[in-house]
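Source file: coords11.cif; contents: mmCIF, C-alpha atoms and all ligand atoms.
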data_data
#
loop_
_atom_site.label_atom_id
_atom_site.label_comp_id
_atom_site.auth_asym_id
_atom_site.auth_seq_id
_atom_site.Cartn_x
_atom_site.Cartn_y
_atom_site.Cartn_z
CA MET W 1 93.22 97.27 66.79
CA ILE W 2 89.92 99.04 67.37
CA THR W 3 89.15 98.74 71.07
CA ILE W 4 85.72 97.87 72.43
CA LYS W 5 84.87 100.03 75.45
CA SER W 6 83.13 98.70 78.56
CA LYS W 7 79.88 100.21 79.84
CA HIS W 8 81.89 101.93 82.58
CA GLU W 9 84.39 103.42 80.13
CA LEU W 10 81.55 104.63 77.93
CA SER W 11 79.83 106.27 80.90
CA LEU W 12 82.99 108.31 81.58
CA MET W 13 83.21 109.33 77.93
CA LYS W 14 79.54 110.36 78.00
CA CYS W 15 80.22 112.60 80.96
CA ALA W 16 83.07 114.30 79.07
CA GLY W 17 80.83 114.64 76.03
CA ALA W 18 77.92 116.17 77.95
CA HIS W 19 80.24 118.81 79.42
CA LEU W 20 81.61 119.66 75.98
CA ALA W 21 78.07 120.00 74.61
CA GLU W 22 77.22 122.49 77.36
CA ILE W 23 80.42 124.43 76.79
CA PHE W 24 79.68 124.73 73.06
CA CYS W 25 76.13 125.82 73.82
CA ASN W 26 77.42 128.62 76.05
CA LEU W 27 80.10 129.57 73.52
CA SER W 28 77.63 130.57 70.83
CA SER W 29 76.79 133.87 72.55
CA MET W 30 80.51 134.64 73.01
CA VAL W 31 81.72 134.29 69.44
CA THR W 32 80.86 137.91 68.61
CA PRO W 33 82.62 140.80 66.86
CA GLY W 34 85.56 142.05 68.93
CA ALA W 35 86.27 138.82 70.81
CA THR W 36 89.88 137.68 70.48
CA THR W 37 90.49 133.99 69.89
CA LEU W 38 92.76 133.96 72.95
CA ALA W 39 89.96 135.32 75.15
CA LEU W 40 87.65 132.57 73.85
CA ASP W 41 90.33 129.96 74.55
CA LYS W 42 90.91 131.28 78.07
CA TRP W 43 87.18 131.05 78.76
CA ILE W 44 87.15 127.47 77.44
CA GLU W 45 90.17 126.59 79.59
CA ALA W 46 88.43 127.99 82.71
CA GLU W 47 85.24 126.04 81.89
CA LEU W 48 87.18 122.79 81.53
CA LYS W 49 88.90 123.43 84.85
CA LYS W 50 85.63 124.28 86.62
CA ARG W 51 84.17 121.00 85.35
CA GLN W 52 87.33 119.01 86.24
CA LEU W 53 87.94 118.09 82.62
CA ILE W 54 91.49 117.72 81.33
CA SER W 55 92.28 119.33 77.98
CA GLN W 56 93.79 116.85 75.54
CA SER W 57 95.23 119.51 73.23
CA LYS W 58 97.21 121.44 75.85
CA GLY W 59 100.62 119.75 75.98
CA TYR W 60 99.94 117.64 72.88
CA ARG W 61 103.09 117.80 70.71
CA GLY W 62 103.91 121.16 72.25
CA TYR W 63 100.48 122.71 71.62
CA ARG W 64 99.71 125.19 74.40
CA HIS W 65 95.96 125.81 74.30
CA ALA W 66 92.67 124.23 75.40
CA SER W 67 91.08 124.72 71.98
CA CYS W 68 91.85 125.19 68.31
CA ILE W 69 90.14 128.21 66.75
CA SER W 70 90.22 128.58 62.96
CA ILE W 71 88.65 131.40 60.96
CA ASN W 72 87.35 131.53 57.35
CA HIS W 73 90.00 129.90 55.07
CA GLU W 74 91.62 128.28 58.10
CA LEU W 75 90.29 124.72 58.45
CA VAL W 76 91.66 123.27 61.70
CA HIS W 77 94.35 123.74 64.37
CA GLY W 78 94.24 127.56 64.43
CA ILE W 79 96.22 128.77 67.45
CA PRO W 80 94.31 131.13 69.78
CA SER W 81 95.91 134.57 69.77
CA ALA W 82 95.46 137.97 71.44
CA HIS W 83 96.12 139.45 67.99
CA VAL W 84 93.27 137.66 66.23
CA THR W 85 89.87 139.30 66.61
CA VAL W 86 86.62 137.78 65.45
CA ARG W 87 84.76 140.01 62.99
CA GLU W 88 81.24 140.33 61.63
CA GLY W 89 80.72 137.88 58.76
CA ASP W 90 83.42 135.44 59.90
CA LEU W 91 83.08 131.67 59.87
CA VAL W 92 84.72 130.51 63.12
CA LYS W 93 85.52 126.85 63.87
CA ILE W 94 86.23 125.81 67.47
CA ASP W 95 87.56 122.33 68.33
CA ILE W 96 87.84 120.99 71.89
CA CYS W 97 88.97 117.57 73.13
CA ALA W 98 88.89 116.87 76.88
CA ALA W 99 88.86 113.95 79.29
CA TRP W 100 86.75 113.14 82.34
CA LYS W 101 88.52 110.65 84.63
CA ASN W 102 90.92 109.77 81.78
CA TYR W 103 88.25 109.20 79.11
CA CYS W 104 87.94 111.58 76.18
CA ALA W 105 85.31 113.25 74.09
CA ASP W 106 86.12 115.37 71.04
CA SER W 107 83.86 117.94 69.38
CA ALA W 108 84.00 120.86 66.97
CA ARG W 109 81.41 123.40 65.84
CA CYS W 110 81.11 126.19 63.29
CA PHE W 111 79.95 129.61 64.46
CA ALA W 112 78.63 132.32 62.13
CA VAL W 113 79.56 135.76 63.46
CA GLY W 114 76.65 138.16 63.07
CA VAL W 115 75.28 138.29 59.56
CA VAL W 116 77.27 136.02 57.23
CA SER W 117 77.18 135.50 53.45
CA SER W 118 75.00 132.81 51.89
CA ASP W 119 78.28 131.07 50.93
CA VAL W 120 79.20 130.73 54.60
CA ARG W 121 75.70 129.48 55.49
CA LYS W 122 75.69 126.86 52.75
CA LEU W 123 79.16 125.58 53.66
CA MET W 124 78.25 125.32 57.36
CA GLU W 125 74.99 123.54 56.60
CA THR W 126 76.73 121.09 54.28
CA ALA W 127 79.32 120.23 56.94
CA THR W 128 76.54 119.53 59.45
CA ASN W 129 74.54 117.51 56.92
CA ALA W 130 77.66 115.48 56.08
CA LEU W 131 78.31 114.79 59.77
CA ASN W 132 74.70 113.67 60.25
CA SER W 133 74.91 111.43 57.17
CA GLY W 134 78.04 109.80 58.59
CA ILE W 135 76.42 109.33 61.99
CA GLU W 136 73.41 107.64 60.33
CA LYS W 137 75.76 104.91 59.10
CA THR W 138 77.27 104.24 62.53
CA TYR W 139 75.55 100.90 63.19
CA ALA W 140 77.00 97.58 64.33
CA GLY W 141 77.46 95.36 61.29
CA LYS W 142 78.10 98.24 58.92
CA ARG W 143 81.61 98.96 57.58
CA LEU W 144 83.76 101.90 58.60
CA PHE W 145 83.95 103.38 55.11
CA ASP W 146 80.15 103.45 54.91
CA ILE W 147 80.60 106.50 57.16
CA SER W 148 83.34 107.94 54.94
CA ALA W 149 81.34 107.45 51.75
CA ALA W 150 78.21 109.02 53.26
CA VAL W 151 80.19 112.13 54.25
CA GLN W 152 81.85 112.40 50.84
CA THR W 153 78.59 111.98 48.94
CA GLU W 154 76.87 114.72 50.93
CA VAL W 155 79.76 117.17 50.51
CA GLU W 156 80.37 116.57 46.81
CA ARG W 157 76.66 116.71 46.02
CA ALA W 158 76.72 120.28 47.33
CA GLY W 159 79.70 121.02 45.07
CA PHE W 160 82.27 121.33 47.86
CA GLY W 161 85.67 119.70 48.46
CA VAL W 162 86.53 116.92 50.91
CA VAL W 163 89.87 117.44 52.65
CA ARG W 164 92.22 114.46 52.28
CA ASP W 165 95.02 115.50 54.67
CA PHE W 166 93.09 115.01 57.94
CA CYS W 167 90.78 112.29 59.20
CA GLY W 168 88.42 111.45 62.04
CA HIS W 169 89.55 108.81 64.50
CA GLY W 170 88.71 106.30 67.18
CA ILE W 171 88.68 107.78 70.69
CA GLY W 172 88.68 106.57 74.30
CA LYS W 173 91.51 106.60 76.82
CA HIS W 174 93.39 108.53 74.14
CA MET W 175 92.28 111.43 71.95
CA HIS W 176 93.45 109.60 68.83
CA GLU W 177 92.95 105.86 68.61
CA GLU W 178 92.46 103.45 65.74
CA PRO W 179 90.82 103.54 63.29
CA GLU W 180 91.49 106.54 61.08
CA ILE W 181 88.19 107.73 59.60
CA PRO W 182 88.70 109.41 56.22
CA ASN W 183 85.96 111.70 54.96
CA TYR W 184 86.03 109.91 51.59
CA GLY W 185 85.95 106.25 50.62
CA HIS W 186 83.96 103.32 49.29
CA ALA W 187 80.79 102.10 50.99
CA GLY W 188 80.80 98.45 51.99
CA THR W 189 84.54 98.39 52.73
CA GLY W 190 86.73 98.80 55.81
CA PRO W 191 86.55 97.20 59.27
CA GLU W 192 83.17 96.05 60.57
CA LEU W 193 81.62 98.33 63.19
CA ARG W 194 80.86 96.66 66.52
CA VAL W 195 78.95 97.57 69.65
CA GLY W 196 81.23 99.41 72.09
CA MET W 197 83.36 101.23 69.52
CA ALA W 198 83.70 105.00 69.92
CA LEU W 199 84.39 107.20 66.89
CA ALA W 200 85.15 110.89 66.44
CA ILE W 201 83.56 111.71 63.09
CA GLU W 202 84.74 115.04 61.71
CA PRO W 203 83.97 116.23 58.18
CA MET W 204 86.48 118.85 56.98
CA ILE W 205 85.30 120.56 53.82
CA THR W 206 86.22 123.41 51.52
CA GLN W 207 84.36 125.77 49.26
CA GLY W 208 86.95 125.26 46.48
CA ASP W 209 90.06 123.11 46.09
CA TYR W 210 90.37 120.55 48.89
CA ARG W 211 94.13 120.94 49.23
CA ILE W 212 95.40 122.25 52.56
CA ALA W 213 98.72 123.70 53.73
CA VAL W 214 100.07 124.08 57.27
CA ALA W 215 101.38 127.56 58.17
CA SER W 216 104.87 128.36 59.45
CA ASP W 217 103.48 128.31 63.02
CA GLY W 218 103.49 124.51 62.57
CA TRP W 219 99.76 124.15 63.28
CA THR W 220 97.28 126.33 61.39
CA ALA W 221 95.92 124.35 58.42
CA SER W 222 94.31 126.50 55.71
CA THR W 223 93.00 126.07 52.18
CA ILE W 224 95.70 126.66 49.57
CA ASP W 225 93.31 128.57 47.28
CA GLY W 226 92.08 130.83 50.11
CA SER W 227 88.51 129.52 49.88
CA LEU W 228 86.34 129.08 52.97
CA ALA W 229 86.63 125.91 55.05
CA ALA W 230 84.27 124.25 57.54
CA HIS W 231 84.76 121.58 60.21
CA VAL W 232 82.32 119.94 62.61
CA GLU W 233 82.91 116.97 64.88
CA ASP W 234 80.98 114.69 67.19
CA THR W 235 81.98 111.70 69.29
CA VAL W 236 79.69 108.75 68.56
CA ILE W 237 79.28 105.40 70.31
CA VAL W 238 78.09 102.28 68.48
CA THR W 239 75.31 100.80 70.65
CA GLU W 240 72.89 97.86 70.26
CA ASN W 241 70.31 100.46 69.25
CA GLY W 242 72.46 102.35 66.77
CA PRO W 243 74.56 105.49 67.00
CA GLU W 244 74.64 107.45 70.26
CA VAL W 245 76.07 110.95 69.82
CA ILE W 246 77.63 111.83 73.17
CA THR W 247 78.67 115.41 72.36
CA ARG W 248 75.18 116.84 71.86
CA LEU W 249 72.66 117.95 74.46
N1 LIG W 301 90.59 117.88 68.55
C1 LIG W 301 91.40 117.64 67.39
C2 LIG W 301 90.86 116.46 66.63
O1 LIG W 301 89.74 116.53 66.27
C3 LIG W 301 92.83 117.49 67.69
C4 LIG W 301 93.37 118.60 68.40
S1 LIG W 301 94.89 118.94 67.74
C5 LIG W 301 95.75 119.65 68.98
O2 LIG W 301 91.47 115.47 66.39
F1 LIG W 301 96.92 119.77 68.61
F2 LIG W 301 95.20 120.77 69.25
F3 LIG W 301 95.69 118.88 70.00
CO CO W 302 89.01 114.77 66.45
#
Would you give me this structure, written as structure tokens?
Ligand code: MF3
Ligand code: CO
Amino acid sequence: MITIKSKHELSLMKCAGAHLAEIFCNLSSMVTPGATTLALDKWIEAELKKRQLISQSKGYRGYRHASCISINHELVHGIPSAHVTVREGDLVKIDICAAWKNYCADSARCFAVGVVSSDVRKLMETATNALNSGIEKTYAGKRLFDISAAVQTEVERAGFGVVRDFCGHGIGKHMHEEPEIPNYGHAGTGPELRVGMALAIEPMITQGDYRIAVASDGWTASTIDGSLAAHVEDTVIVTENGPEVITRL
């Protein structure tokens, strides 16, 4: 069942989302050559604490960090490490989910480290365009897979791959709620969107083959062919007036 959130519940989610947006804004100047992914995660953890937000990843199925940080061919769920240093030219993806008074927001952004290749730029831009195309379909009365199809069309038009192994999701009291939101599908199908639904829309795309494998650490998901991967995510509420993105400033 896809739950409909009350105005009060949505206001708590919006507070979580606004904090995440600020944190991501401040992160952009920190994702620089020489930074370790553990140092970035520790900063994120301190920010969440300062803002009285509760990380939803820390403690989730044994995961121990406040963020997932994935670099280049890594797509999602990279584990922050003191041994992993961000370098010039890298494409870094950071994913944070946190709750304010028990209500969650979930967001991910790509960061280009210093000067990056045109390949990196184009992949990042396509992920953002795909997310925006999905958000544009998030209206009451539309169908869930209108979002999926819009994302897929945008990605494949640019010649990139749509990952099949991971999906977006409903969100609220829990980080992951119904429905699953694939990044591919047929427009005009799926459950009807209604006012009060909250969706985490998260295109996951690859430069080459869309197939992904999880590393022996049990978490890090990377492209099998070693090609670059991008991931962006926003939490979106269906309102009477259309989509409201709660994880942007
Ligand atoms: N924030 C991720 C998502 O978009 C999930 C985090 S996975 C975790 O669904 F293991 F780190 F929690
Ligand atoms: Co998510």
So, counting only C-alpha atoms, which residue among W:Ile224, W:Ala98, W:Leu91, W:Leu38 is closest to Val115 of chain W?
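Looking only at the distances to Val115 of chain W, the closest residue turns out to be W:Leu91.
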Out of W:Asn241, W:Thr3, W:Ser222, W:Ser227, which residue has the shortest atom-to-atom distance to Tyr139 of chain W when counting only C-alpha atoms?
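That would be W:Asn241, the residue with the smallest distance to Tyr139 of chain W.
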Sorted by chain and rising residue number, list the residues of chain W at most 6 Å from ligand LIG 301 (chain W) (counting all atoms listed in the file), each with its closest atom pair and distance in Å to one decimal, as CSV.
residue,atom,partner,partner_atom,distance
W:Ser57,CA,W:LIG301,F3,3.3
W:Tyr60,CA,W:LIG301,F3,5.3
W:Tyr63,CA,W:LIG301,F1,5.5
W:Cys68,CA,W:LIG301,F2,5.6
W:His77,CA,W:LIG301,F2,5.8
W:Asp95,CA,W:LIG301,N1,5.4
W:Ile96,CA,W:LIG301,N1,5.3
W:Cys97,CA,W:LIG301,N1,4.9
W:Asp106,CA,W:LIG301,N1,5.7
Could those selected residues go to a file with C-alpha atoms, as a PDB file, in the frame of the given file?
ATOM      1  CA  SER W  57      95.230 119.510  73.230  1.00  0.00           C
ATOM      2  CA  TYR W  60      99.940 117.640  72.880  1.00  0.00           C
ATOM      3  CA  TYR W  63     100.480 122.710  71.620  1.00  0.00           C
ATOM      4  CA  CYS W  68      91.850 125.190  68.310  1.00  0.00           C
ATOM      5  CA  HIS W  77      94.350 123.740  64.370  1.00  0.00           C
ATOM      6  CA  ASP W  95      87.560 122.330  68.330  1.00  0.00           C
ATOM      7  CA  ILE W  96      87.840 120.990  71.890  1.00  0.00           C
ATOM      8  CA  CYS W  97      88.970 117.570  73.130  1.00  0.00           C
ATOM      9  CA  ASP W 106      86.120 115.370  71.040  1.00  0.00           C
TER      10      ASP W 106
END
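Of note, atom CA of Leu123 of chain W and atom CA of Cys110 of chain W are spaced 9.8 Å apart.
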Shell of 7 Å around ligand CO 302 (chain W) (only C-alpha atoms and all ligand atoms), written as a list in words:
Asp106, Ser107, Gly168, His169, Ala200, Glu202 and Glu233 of chain W
Near-Leu20 of chain W list (10 Å; only C-alpha atoms; drop same-chain fewer than 6 positions) as a ChimeraX atom specification:
/W:14,26,44,47-48,51,53,96-99,105-108,246-249
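Nearest residue to Thr36 of chain W, choosing from W:Arg87, W:Lys50, W:His186, W:His231 and counting all atoms listed in the file: W:Arg87.
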Take the point (81.4, 115.9, 61.8) as written in the file and pick out every residue within 12 Å of it, counting all atoms listed in the file; give the list as a PyMOL selection string.
chain W and resi 93+95+106-110+124-136+147-148+150-152+154-155+167-169+181-183+199-205+230-236+245+247-248
Would you mind telling me which residue in W:Val195, W:Met175, W:Val113, W:Leu75 lies nearest to Arg211 of chain W when using only C-alpha atoms?
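Of the candidates, the smallest distance to Arg211 of chain W is held by W:Leu75.
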Closest to Leu228 of chain W among W:Cys15, W:Ala112, W:Val31, W:Ile71, using all atoms listed in the file?
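The closest residue to Leu228 of chain W is W:Ile71.
Closest to Arg61 of chain W among W:Thr206, W:Gly226, W:Gly185, W:Trp219 is W:Trp219, based on all atoms listed in the file.
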